[in-house]
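Novice: Structure file protein_35.csv, CSV, C-alpha atoms and all ligand atoms, is pasted below:
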```csv
chain,number,residue,atom,x,y,z
A,1,MET,CA,-10.8,19.9,-13.9
A,2,GLU,CA,-10.5,18.8,-10.2
A,3,SER,CA,-13.7,17.3,-8.8
A,4,ASN,CA,-15.1,18.3,-5.4
A,5,ILE,CA,-15.9,15.9,-2.5
A,6,GLU,CA,-19.6,16.0,-3.3
A,7,GLN,CA,-19.1,14.8,-6.9
A,8,ILE,CA,-16.8,12.0,-5.8
A,9,SER,CA,-19.1,11.0,-2.9
A,10,LYS,CA,-22.0,10.7,-5.2
A,11,VAL,CA,-20.1,8.4,-7.6
A,12,ILE,CA,-19.0,6.2,-4.7
A,13,SER,CA,-22.5,6.2,-3.2
A,14,GLU,CA,-24.1,5.1,-6.5
A,15,SER,CA,-21.5,2.3,-7.2
A,16,ASN,CA,-21.9,-1.3,-6.0
A,17,ASN,CA,-18.9,-3.0,-7.5
A,18,ILE,CA,-16.1,-0.8,-6.2
A,19,VAL,CA,-12.5,-1.8,-6.3
A,20,PHE,CA,-9.8,0.1,-4.4
A,21,PHE,CA,-6.1,0.3,-5.5
A,22,GLY,CA,-3.8,2.1,-3.1
A,23,GLY,CA,-0.2,2.7,-2.0
A,24,ALA,CA,1.9,4.2,0.7
A,25,GLY,CA,0.0,7.5,0.9
A,26,LEU,CA,-2.9,5.6,2.5
A,27,SER,CA,-0.8,5.0,5.6
A,28,THR,CA,1.0,8.3,6.1
A,29,GLU,CA,-1.9,9.5,8.2
A,30,SER,CA,-1.3,6.4,10.4
A,31,GLY,CA,2.3,7.6,10.9
A,32,ILE,CA,4.1,5.4,8.3
A,33,PRO,CA,6.2,7.5,6.0
A,34,ASP,CA,5.8,6.9,2.2
A,35,PHE,CA,8.7,7.1,-0.3
A,36,ARG,CA,8.1,10.1,-2.4
A,37,SER,CA,6.4,12.9,-0.3
A,38,VAL,CA,8.6,15.7,0.9
A,39,ASP,CA,8.8,14.0,4.3
A,40,GLY,CA,8.9,10.6,2.7
A,41,ILE,CA,11.7,8.1,3.1
A,42,TYR,CA,13.5,9.4,-0.1
A,43,ASN,CA,14.1,12.7,1.6
A,44,GLN,CA,15.3,11.4,4.9
A,45,LYS,CA,19.0,10.9,5.4
A,46,TYR,CA,20.2,7.4,4.4
A,47,ASP,CA,23.2,6.3,2.5
A,48,TYR,CA,21.1,4.5,-0.2
A,49,PRO,CA,17.7,5.1,-1.7
A,50,PRO,CA,15.0,2.9,-0.2
A,51,GLU,CA,14.4,1.0,-3.5
A,52,GLN,CA,18.1,0.0,-3.5
A,53,ILE,CA,18.0,-1.2,0.1
A,54,LEU,CA,14.8,-3.1,-0.4
A,55,SER,CA,16.2,-5.0,-3.5
A,56,TYR,CA,17.1,-8.6,-3.6
A,57,SER,CA,20.7,-8.0,-4.5
A,58,PHE,CA,21.1,-5.5,-1.6
A,59,PHE,CA,19.6,-8.0,0.8
A,60,ARG,CA,22.0,-10.6,-0.4
A,61,THR,CA,25.2,-8.5,-0.1
A,62,ASN,CA,24.5,-5.9,2.6
A,63,LYS,CA,22.3,-7.5,5.2
A,64,GLU,CA,23.5,-5.2,8.1
A,65,VAL,CA,22.1,-2.1,6.4
A,66,PHE,CA,19.0,-3.9,5.1
A,67,PHE,CA,18.0,-5.0,8.6
A,68,ARG,CA,18.9,-1.6,10.2
A,69,PHE,CA,16.7,0.2,7.6
A,70,CYS,CA,13.9,-2.4,7.9
A,71,ARG,CA,13.8,-2.0,11.6
A,72,GLU,CA,13.9,1.8,11.8
A,73,LYS,CA,11.9,2.8,8.7
A,74,CYS,CA,9.4,-0.1,8.3
A,75,LEU,CA,9.0,-2.5,11.3
A,76,GLU,CA,9.0,0.1,14.2
A,77,PRO,CA,6.5,2.5,12.6
A,78,ILE,CA,4.2,-0.4,11.6
A,79,LEU,CA,4.3,-1.9,15.1
A,80,HIS,CA,2.6,1.2,16.6
A,81,ALA,CA,0.4,2.2,13.6
A,82,LYS,CA,-3.4,2.1,13.7
A,83,PRO,CA,-5.8,2.2,10.8
A,84,ASN,CA,-6.9,5.7,9.8
A,85,PRO,CA,-10.3,6.8,8.5
A,86,ALA,CA,-9.4,5.8,5.0
A,87,HIS,CA,-8.7,2.1,6.0
A,88,LEU,CA,-11.9,2.1,8.1
A,89,ALA,CA,-14.0,3.6,5.4
A,90,LEU,CA,-12.9,0.9,2.9
A,91,ALA,CA,-13.7,-1.9,5.4
A,92,ARG,CA,-17.2,-0.4,5.9
A,93,LEU,CA,-17.8,-0.1,2.2
A,94,GLU,CA,-17.0,-3.8,1.9
A,95,ALA,CA,-19.2,-4.7,4.8
A,96,MET,CA,-22.0,-2.7,3.1
A,97,GLY,CA,-21.5,-4.9,0.0
A,98,LYS,CA,-20.4,-2.0,-2.2
A,99,LEU,CA,-16.7,-2.7,-2.3
A,100,LYS,CA,-15.4,-6.0,-3.6
A,101,ALA,CA,-11.6,-5.8,-3.1
A,102,VAL,CA,-8.7,-3.8,-1.8
A,103,ILE,CA,-5.6,-4.1,-3.9
A,104,THR,CA,-2.6,-2.7,-2.1
A,105,GLN,CA,1.1,-2.1,-2.7
A,106,ASN,CA,1.4,-1.6,1.1
A,107,ILE,CA,3.0,-4.1,3.4
A,108,ASP,CA,1.7,-2.8,6.7
A,109,GLY,CA,-1.4,-4.9,7.3
A,110,LEU,CA,-3.5,-1.9,8.2
A,111,HIS,CA,-6.4,-2.8,5.8
A,112,GLN,CA,-6.9,-6.1,7.6
A,113,ALA,CA,-6.5,-4.4,11.0
A,114,ALA,CA,-9.4,-2.1,9.9
A,115,GLY,CA,-11.5,-5.1,9.1
A,116,SER,CA,-11.2,-5.5,5.3
A,117,LYS,CA,-11.6,-9.1,4.3
A,118,GLU,CA,-10.6,-9.3,0.6
A,119,VAL,CA,-7.2,-7.7,0.6
A,120,LEU,CA,-4.7,-8.4,-2.2
A,121,GLU,CA,-1.2,-7.6,-1.0
A,122,LEU,CA,0.8,-7.2,-4.3
A,123,HIS,CA,4.1,-6.7,-2.4
A,124,GLY,CA,3.5,-9.1,0.5
A,125,THR,CA,3.5,-8.2,4.2
A,126,LEU,CA,5.9,-7.2,6.9
A,127,LEU,CA,3.7,-8.8,9.5
A,128,SER,CA,5.3,-12.2,8.8
A,129,HIS,CA,8.8,-13.3,8.2
A,130,THR,CA,10.4,-16.6,7.1
A,131,CYS,CA,13.8,-18.3,7.8
A,132,ILE,CA,15.5,-18.7,4.4
A,133,ASP,CA,17.1,-22.0,5.5
A,134,CYS,CA,14.4,-24.0,7.4
A,135,GLY,CA,11.2,-22.1,6.5
A,136,LYS,CA,10.2,-21.4,10.1
A,137,LYS,CA,7.7,-18.5,10.4
A,138,TYR,CA,8.2,-15.5,12.6
A,139,LYS,CA,6.0,-12.5,13.6
A,140,LEU,CA,7.1,-8.9,13.3
A,141,GLU,CA,7.3,-8.7,17.1
A,142,ASP,CA,9.8,-11.6,17.2
A,143,VAL,CA,12.0,-10.0,14.6
A,144,LEU,CA,12.0,-6.7,16.5
A,145,LYS,CA,13.4,-8.6,19.5
A,146,THR,CA,16.5,-9.6,17.6
A,147,GLU,CA,19.5,-7.4,17.0
A,148,GLY,CA,21.6,-6.8,13.8
A,149,ILE,CA,20.8,-9.4,11.2
A,150,ALA,CA,17.7,-11.3,12.2
A,151,ARG,CA,18.6,-15.0,12.8
A,152,CYS,CA,16.5,-18.1,13.2
A,153,GLU,CA,17.2,-20.6,16.0
A,154,CYS,CA,18.7,-22.8,13.2
A,155,GLY,CA,21.1,-20.0,12.4
A,156,GLY,CA,19.5,-19.0,9.1
A,157,VAL,CA,18.6,-15.5,8.2
A,158,ILE,CA,15.0,-14.5,8.7
A,159,ARG,CA,13.6,-12.3,5.9
A,160,PRO,CA,10.4,-10.4,5.7
A,161,ASP,CA,7.6,-11.9,3.6
A,162,ILE,CA,7.6,-8.9,1.2
A,163,VAL,CA,8.4,-8.8,-2.5
A,164,LEU,CA,11.8,-7.1,-2.8
A,165,TYR,CA,12.7,-5.1,-5.9
A,166,GLU,CA,14.1,-7.5,-8.5
A,167,GLU,CA,11.7,-10.2,-7.3
A,168,GLY,CA,8.6,-11.2,-9.2
A,169,LEU,CA,5.0,-10.7,-7.9
A,170,ASP,CA,2.8,-13.6,-7.0
A,171,ASN,CA,1.0,-14.7,-10.1
A,172,ASN,CA,-2.3,-15.7,-8.3
A,173,ILE,CA,-2.5,-12.3,-6.7
A,174,LEU,CA,-1.8,-10.5,-9.9
A,175,THR,CA,-4.4,-12.5,-11.9
A,176,LYS,CA,-7.0,-11.9,-9.2
A,177,SER,CA,-6.3,-8.2,-9.1
A,178,VAL,CA,-6.7,-8.0,-12.9
A,179,MET,CA,-10.1,-9.8,-12.6
A,180,TYR,CA,-11.4,-7.5,-9.9
A,181,ILE,CA,-10.3,-4.4,-11.8
A,182,ASN,CA,-11.7,-5.6,-15.1
A,183,ASP,CA,-15.1,-6.2,-13.5
A,184,ALA,CA,-15.3,-3.1,-11.4
A,185,ASP,CA,-17.9,-0.4,-12.0
A,186,CYS,CA,-15.9,2.1,-10.0
A,187,LEU,CA,-12.1,2.1,-9.4
A,188,ILE,CA,-10.7,4.3,-6.7
A,189,VAL,CA,-6.9,4.8,-6.8
A,190,ALA,CA,-5.4,6.6,-3.8
A,191,GLY,CA,-2.1,7.5,-2.2
A,192,THR,CA,0.1,6.0,-4.8
A,193,SER,CA,2.6,7.8,-7.1
A,194,LEU,CA,1.9,5.1,-9.7
A,195,VAL,CA,5.6,4.6,-10.5
A,196,VAL,CA,6.3,1.2,-9.1
A,197,GLN,CA,5.8,-1.5,-11.8
A,198,PRO,CA,4.2,-3.8,-12.6
A,199,ALA,CA,1.7,-2.8,-9.9
A,200,ALA,CA,1.0,0.7,-11.3
A,201,SER,CA,0.0,-0.8,-14.7
A,202,LEU,CA,-2.8,-2.7,-13.2
A,203,ILE,CA,-5.2,0.2,-13.5
A,204,ASN,CA,-5.0,-0.1,-17.3
A,205,TYR,CA,-7.3,-3.1,-16.9
A,206,TYR,CA,-10.1,-0.9,-15.8
A,207,ARG,CA,-12.8,-0.6,-18.5
A,208,GLY,CA,-15.4,1.6,-16.8
A,209,ASN,CA,-16.0,5.4,-16.7
A,210,LYS,CA,-15.7,6.0,-13.0
A,211,LEU,CA,-12.0,6.1,-12.3
A,212,ILE,CA,-11.4,8.2,-9.2
A,213,LEU,CA,-7.9,9.4,-8.3
A,214,ILE,CA,-7.2,10.7,-4.8
A,215,ASN,CA,-3.8,12.0,-4.0
A,216,LYS,CA,-2.1,14.7,-1.9
A,217,ASP,CA,0.0,15.9,-4.8
A,218,PRO,CA,-0.9,16.2,-8.5
A,219,LEU,CA,0.0,13.2,-10.7
A,220,PRO,CA,0.4,12.7,-14.5
A,221,ALA,CA,-2.3,10.0,-14.3
A,222,GLU,CA,-4.9,12.6,-13.7
A,223,GLN,CA,-5.3,12.9,-17.5
A,224,TYR,CA,-6.8,9.4,-17.6
A,225,ALA,CA,-9.0,9.7,-14.5
A,226,ASN,CA,-12.7,10.5,-14.8
A,227,TYR,CA,-12.5,12.3,-11.4
A,228,TYR,CA,-9.5,13.4,-9.4
A,229,ILE,CA,-9.1,15.3,-6.2
A,230,HIS,CA,-6.1,16.6,-4.2
A,231,GLY,CA,-6.0,16.1,-0.5
A,232,LYS,CA,-5.4,13.8,2.4
A,233,VAL,CA,-7.1,10.5,1.7
A,234,GLY,CA,-8.2,9.9,5.3
A,235,GLU,CA,-9.9,13.3,5.5
A,236,ILE,CA,-11.5,12.8,2.1
A,237,PHE,CA,-12.9,9.4,3.0
A,238,GLU,CA,-14.3,10.8,6.3
A,239,GLN,CA,-16.4,13.2,4.2
A,240,VAL,CA,-17.3,10.6,1.6
A,241,MET,CA,-18.7,8.3,4.3
A,242,LYS,CA,-20.8,11.1,5.8
A,243,TYR,CA,-22.4,11.5,2.3
A,244,VAL,CA,-22.8,7.7,1.8
A,245,ASP,CA,-24.4,7.3,5.2
A,246,LYS,CA,-26.9,10.1,4.4
A,247,ASN,CA,-27.9,8.8,1.0
B,301,LIG,P1,4.9,6.5,-3.1
B,301,LIG,O1,5.7,6.9,-1.8
B,301,LIG,O2,5.7,6.4,-4.3
B,301,LIG,O3,3.8,7.5,-3.3
B,301,LIG,C1,2.9,7.9,-2.3
B,301,LIG,C2,1.9,8.9,-2.9
B,301,LIG,O4,0.9,9.2,-1.9
B,301,LIG,C3,2.6,10.3,-3.2
B,301,LIG,O5,2.2,10.7,-4.5
B,301,LIG,C4,2.0,11.2,-2.1
B,301,LIG,O6,1.8,12.5,-2.6
B,301,LIG,C5,0.7,10.6,-1.8
B,301,LIG,N1,0.3,10.8,-0.4
B,301,LIG,C6,1.1,10.8,0.7
B,301,LIG,N2,0.3,10.9,1.8
B,301,LIG,C7,-1.0,11.1,1.4
B,301,LIG,C8,-2.2,11.3,2.0
B,301,LIG,N3,-2.3,11.4,3.3
B,301,LIG,N4,-3.3,11.4,1.2
B,301,LIG,C9,-3.2,11.3,-0.1
B,301,LIG,N5,-2.1,11.1,-0.8
B,301,LIG,C10,-1.0,11.0,0.0
B,301,LIG,O7,4.2,5.2,-2.7
B,301,LIG,P2,3.7,4.0,-3.7
B,301,LIG,O8,3.2,4.5,-4.9
B,301,LIG,O9,2.9,3.1,-2.8
B,301,LIG,O10,5.1,3.2,-4.0
B,301,LIG,C11,6.0,2.9,-3.0
B,301,LIG,C12,6.3,1.5,-2.8
B,301,LIG,O11,6.8,1.4,-1.4
B,301,LIG,C13,5.2,0.5,-2.8
B,301,LIG,O12,5.6,-0.5,-3.6
B,301,LIG,C14,5.0,0.0,-1.4
B,301,LIG,O13,5.1,-1.4,-1.3
B,301,LIG,C15,6.2,0.5,-0.6
B,301,LIG,N6,5.9,1.2,0.7
B,301,LIG,C16,4.9,0.8,1.5
B,301,LIG,C17,4.6,1.4,2.7
B,301,LIG,C18,3.5,0.9,3.6
B,301,LIG,O14,3.2,-0.3,3.6
B,301,LIG,N7,2.8,1.7,4.3
B,301,LIG,C19,5.3,2.6,3.0
B,301,LIG,C20,6.3,3.1,2.1
B,301,LIG,C21,6.6,2.3,1.0
B,302,ZN,ZN,15.6,-21.6,10.5
```
Represent the structure from my file as structure tokens, please.
Specialist:
Amino acid sequence: MESNIEQISKVISESNNIVFFGGAGLSTESGIPDFRSVDGIYNQKYDYPPEQILSYSFFRTNKEVFFRFCREKCLEPILHAKPNPAHLALARLEAMGKLKAVITQNIDGLHQAAGSKEVLELHGTLLSHTCIDCGKKYKLEDVLKTEGIARCECGGVIRPDIVLYEEGLDNNILTKSVMYINDADCLIVAGTSLVVQPAASLINYYRGNKLILINKDPLPAEQYANYYIHGKVGEIFEQVMKYVDKN
């Protein structure tokens, strides 16, 4: 049965070793589209699905489209995005000593912008980019100033520091994420459709009985959750924090 805000707030308020695991749905209220909502990137007009464009083989063979998509759907929205109440609440819970880590599939840097310190970025970040020939680092702003295929002063292609589909995840980040989830007393999972692997399987390492699932739309994973609630994660966290502050 779906929980209410009060029940979820109480669990969060009583927990002191919280770990958060999130996805693209966390940033839609900041104006960055996700993949699988009705207004997500999947349902906008593009010749290829986002997962194909953001794959290593596509990057290698179709750089024009890769960079056009990256600029329009990822870099531009991120440049103007600000953290929303969900990002801010997680940073506050960490500062209060209640939350130990944010594990995210997002590549937008909004958790750090909100003030979160322990952020494990499973899929890397779009805030930095690297020349594939000489290794020179570039910022998102620098790449947005280029046109077409982003090129380094050495002539090499500049790629975003994200993990593309077909590429492996960083082992250190994975191991650390498993440790945090394994030790957590409460695991909050929000704004993720839990279909991108291996990230989605990480929640299987949770051993406690306070798994909270927050998502706009219903998900099959609700059957494993101890608590679940449907709604916008930013709005839900605003109410949760009011409860936490009072108690
Ligand atoms: P997804 O698009 O597959 O799923 C997002 C989920 O969040 C959906 O189930 C949707 O119903 C829900 N959602 C959307 N807005 C919400 C809101 N305001 N409150 C609560 N729930 C909301 O995203 P995913 O599971 O993270 O997988 C997509 C992959 O794409 C990830 O690997 C991620 O790296 C990448 N991605 C990242 C960004 C970003 O950095 N902001 C954006 C798009 C995609
Ligand atoms: Zn270079």
Novice: Which residues of chain A come within 8 Å of ligand LIG 301 (chain B), and what is each one's closest atom pair and distance in Å (one decimal), counting only C-alpha atoms and all ligand atoms, sorted by chain and residue number, as a Markdown table?
Specialist:
```
| residue | atom | partner | partner_atom | distance |
| --- | --- | --- | --- | --- |
| A:Gly22 | CA | B:LIG301 | O9 | 6.8 |
| A:Gly23 | CA | B:LIG301 | O9 | 3.2 |
| A:Ala24 | CA | B:LIG301 | O9 | 3.8 |
| A:Gly25 | CA | B:LIG301 | O4 | 3.4 |
| A:Leu26 | CA | B:LIG301 | C8 | 5.8 |
| A:Ser27 | CA | B:LIG301 | N7 | 5.1 |
| A:Thr28 | CA | B:LIG301 | N2 | 5.1 |
| A:Glu29 | CA | B:LIG301 | N3 | 5.3 |
| A:Ile32 | CA | B:LIG301 | N7 | 5.6 |
| A:Pro33 | CA | B:LIG301 | C19 | 5.8 |
| A:Asp34 | CA | B:LIG301 | C20 | 3.8 |
| A:Phe35 | CA | B:LIG301 | O1 | 3.4 |
| A:Arg36 | CA | B:LIG301 | O1 | 4.0 |
| A:Ser37 | CA | B:LIG301 | C4 | 5.0 |
| A:Gly40 | CA | B:LIG301 | O1 | 6.6 |
| A:Ile41 | CA | B:LIG301 | C20 | 7.4 |
| A:Glu51 | CA | B:LIG301 | O11 | 7.9 |
| A:Cys74 | CA | B:LIG301 | C19 | 7.2 |
| A:Ile78 | CA | B:LIG301 | N7 | 7.7 |
| A:Thr104 | CA | B:LIG301 | O13 | 7.8 |
| A:Gln105 | CA | B:LIG301 | O13 | 4.3 |
| A:Asn106 | CA | B:LIG301 | O14 | 3.3 |
| A:Ile107 | CA | B:LIG301 | O14 | 3.8 |
| A:Asp108 | CA | B:LIG301 | O14 | 4.3 |
| A:Gly109 | CA | B:LIG301 | O14 | 7.5 |
| A:Leu122 | CA | B:LIG301 | O13 | 7.8 |
| A:His123 | CA | B:LIG301 | O13 | 5.5 |
| A:Thr125 | CA | B:LIG301 | O14 | 7.9 |
| A:Ala190 | CA | B:LIG301 | N5 | 6.3 |
| A:Gly191 | CA | B:LIG301 | O4 | 3.5 |
| A:Thr192 | CA | B:LIG301 | O8 | 3.4 |
| A:Ser193 | CA | B:LIG301 | O5 | 3.9 |
| A:Leu194 | CA | B:LIG301 | O8 | 5.0 |
| A:Val195 | CA | B:LIG301 | O8 | 6.1 |
| A:Val196 | CA | B:LIG301 | O10 | 5.6 |
| A:Ala199 | CA | B:LIG301 | O12 | 7.8 |
| A:Ala200 | CA | B:LIG301 | O8 | 7.8 |
| A:Ile214 | CA | B:LIG301 | C9 | 6.2 |
| A:Asn215 | CA | B:LIG301 | N5 | 3.7 |
| A:Lys216 | CA | B:LIG301 | N5 | 3.8 |
| A:Asp217 | CA | B:LIG301 | O6 | 4.4 |
| A:Pro218 | CA | B:LIG301 | O6 | 7.5 |
| A:Leu219 | CA | B:LIG301 | O5 | 7.0 |
| A:His230 | CA | B:LIG301 | C9 | 7.3 |
| A:Gly231 | CA | B:LIG301 | C9 | 5.6 |
| A:Lys232 | CA | B:LIG301 | N4 | 3.4 |
| A:Val233 | CA | B:LIG301 | N4 | 3.9 |
| A:Gly234 | CA | B:LIG301 | N3 | 6.4 |
```
Novice: Could you list, as a ChimeraX atom specification, all the residues within 8 Å of ligand ZN 302 (chain B), counting only C-alpha atoms and all ligand atoms?
Specialist: /A:130-136,151-158
Novice: Every residue with an atom at most 12 Å from (-14.3, -5.2, -3.5) (file coordinates; all atoms listed in the file) is what I'm after, so could you write them as a PDB file with C-alpha atoms, keeping the file's coordinate frame?
Specialist:
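See part.pdb below for the written result:
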```pdb
ATOM      1  CA  SER A  15     -21.500   2.300  -7.200  1.00  0.00           C
ATOM      2  CA  ASN A  16     -21.900  -1.300  -6.000  1.00  0.00           C
ATOM      3  CA  ASN A  17     -18.900  -3.000  -7.500  1.00  0.00           C
ATOM      4  CA  ILE A  18     -16.100  -0.800  -6.200  1.00  0.00           C
ATOM      5  CA  VAL A  19     -12.500  -1.800  -6.300  1.00  0.00           C
ATOM      6  CA  PHE A  20      -9.800   0.100  -4.400  1.00  0.00           C
ATOM      7  CA  PHE A  21      -6.100   0.300  -5.500  1.00  0.00           C
ATOM      8  CA  LEU A  90     -12.900   0.900   2.900  1.00  0.00           C
ATOM      9  CA  ALA A  91     -13.700  -1.900   5.400  1.00  0.00           C
ATOM     10  CA  ARG A  92     -17.200  -0.400   5.900  1.00  0.00           C
ATOM     11  CA  LEU A  93     -17.800  -0.100   2.200  1.00  0.00           C
ATOM     12  CA  GLU A  94     -17.000  -3.800   1.900  1.00  0.00           C
ATOM     13  CA  ALA A  95     -19.200  -4.700   4.800  1.00  0.00           C
ATOM     14  CA  MET A  96     -22.000  -2.700   3.100  1.00  0.00           C
ATOM     15  CA  GLY A  97     -21.500  -4.900   0.000  1.00  0.00           C
ATOM     16  CA  LYS A  98     -20.400  -2.000  -2.200  1.00  0.00           C
ATOM     17  CA  LEU A  99     -16.700  -2.700  -2.300  1.00  0.00           C
ATOM     18  CA  LYS A 100     -15.400  -6.000  -3.600  1.00  0.00           C
ATOM     19  CA  ALA A 101     -11.600  -5.800  -3.100  1.00  0.00           C
ATOM     20  CA  VAL A 102      -8.700  -3.800  -1.800  1.00  0.00           C
ATOM     21  CA  ILE A 103      -5.600  -4.100  -3.900  1.00  0.00           C
ATOM     22  CA  SER A 116     -11.200  -5.500   5.300  1.00  0.00           C
ATOM     23  CA  LYS A 117     -11.600  -9.100   4.300  1.00  0.00           C
ATOM     24  CA  GLU A 118     -10.600  -9.300   0.600  1.00  0.00           C
ATOM     25  CA  VAL A 119      -7.200  -7.700   0.600  1.00  0.00           C
ATOM     26  CA  LEU A 120      -4.700  -8.400  -2.200  1.00  0.00           C
ATOM     27  CA  LYS A 176      -7.000 -11.900  -9.200  1.00  0.00           C
ATOM     28  CA  SER A 177      -6.300  -8.200  -9.100  1.00  0.00           C
ATOM     29  CA  MET A 179     -10.100  -9.800 -12.600  1.00  0.00           C
ATOM     30  CA  TYR A 180     -11.400  -7.500  -9.900  1.00  0.00           C
ATOM     31  CA  ILE A 181     -10.300  -4.400 -11.800  1.00  0.00           C
ATOM     32  CA  ASN A 182     -11.700  -5.600 -15.100  1.00  0.00           C
ATOM     33  CA  ASP A 183     -15.100  -6.200 -13.500  1.00  0.00           C
ATOM     34  CA  ALA A 184     -15.300  -3.100 -11.400  1.00  0.00           C
ATOM     35  CA  ASP A 185     -17.900  -0.400 -12.000  1.00  0.00           C
ATOM     36  CA  CYS A 186     -15.900   2.100 -10.000  1.00  0.00           C
ATOM     37  CA  LEU A 187     -12.100   2.100  -9.400  1.00  0.00           C
ATOM     38  CA  ILE A 188     -10.700   4.300  -6.700  1.00  0.00           C
TER      39      ILE A 188
END
```
Novice: What's the separation between CA of Asn247 (chain A) and CA of Tyr228 (chain A), in Å to one decimal place?
Specialist: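 Distance between the two atoms: 21.6 Å.
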Novice: Select from region 86-157 of chain A every residue with an atom at most 9 Å from any atom of region 79-82 of chain A, then for each give the shortest pair of atoms and their distance in Å to one decimal, using all atoms listed in the file, rows by chain and rising number, as a tab-separated table.
Specialist:
```
residue	atom	partner	partner_atom	distance
A:Asp108	CA	A:Ala81	CA	8.6
A:Leu110	CA	A:Lys82	CA	6.8
A:Ala113	CA	A:Lys82	CA	7.7
A:Ala114	CA	A:Lys82	CA	8.3
A:Leu127	CA	A:Leu79	CA	8.9
A:Leu140	CA	A:Leu79	CA	7.8
A:Glu141	CA	A:Leu79	CA	7.7
```
Novice: With distances taken over only C-alpha atoms, which residue among A:Asp142, A:Glu238, A:Glu167, A:Glu121 lies nearest Ser9 (chain A)?
Specialist: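 Smallest separation from Ser9 (chain A) among the options: A:Glu238.
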Novice: Go ahead and compute the interatomic distance for CA of Lys137 (chain A) and CA of Arg68 (chain A), in Å to one decimal.
Specialist: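 Between CA of Lys137 (chain A) and CA of Arg68 (chain A) the gap is 20.3 Å.
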Novice: Show which residues sit within 7 Å of Asn226 (chain A), as a list of chain:residue names. Count all atoms listed in the file, and ignore same-chain residues fewer than 3 positions away.
Specialist: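 Those residues are A:Asn209, A:Lys210, A:Leu211, A:Ile212.
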Novice: Select, from A:Glu76, A:Glu2, A:Asp47, A:Glu14, the residue with the minimum atom-to-atom distance to Val244 (chain A), counting all atoms listed in the file.
Specialist: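 Among the listed residues, the smallest separation from Val244 (chain A) belongs to A:Glu14.
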Novice: Given all atoms listed in the file as the basis, pick out the residue of A:Ser55, A:Thr146, A:Asn62, A:Asn84 nearest to Ile162 (chain A).
Specialist: A:Ser55
Novice: So which residues touch Tyr243 (chain A) within 10 Å, counting only C-alpha atoms, skipping near sequence neighbours fewer than 5 positions away, as an mmCIF file with C-alpha atoms, in the frame of the given file?
Specialist:
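Here's the written file around.cif:
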```cif
data_model
loop_
_atom_site.group_PDB
_atom_site.id
_atom_site.type_symbol
_atom_site.label_atom_id
_atom_site.label_comp_id
_atom_site.auth_asym_id
_atom_site.auth_seq_id
_atom_site.Cartn_x
_atom_site.Cartn_y
_atom_site.Cartn_z
ATOM 1 C CA ILE A 5 -15.900 15.900 -2.500
ATOM 2 C CA GLU A 6 -19.600 16.000 -3.300
ATOM 3 C CA ILE A 8 -16.800 12.000 -5.800
ATOM 4 C CA SER A 9 -19.100 11.000 -2.900
ATOM 5 C CA LYS A 10 -22.000 10.700 -5.200
ATOM 6 C CA ILE A 12 -19.000 6.200 -4.700
ATOM 7 C CA SER A 13 -22.500 6.200 -3.200
ATOM 8 C CA PHE A 237 -12.900 9.400 3.000
ATOM 9 C CA GLU A 238 -14.300 10.800 6.300
#
```
Novice: For CA of Ala89 (chain A) and CA of Ala221 (chain A), quote the distance in Å rounded to one decimal.
Specialist: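 Atom-to-atom, CA of Ala89 (chain A) and CA of Ala221 (chain A) are spaced 23.8 Å apart.
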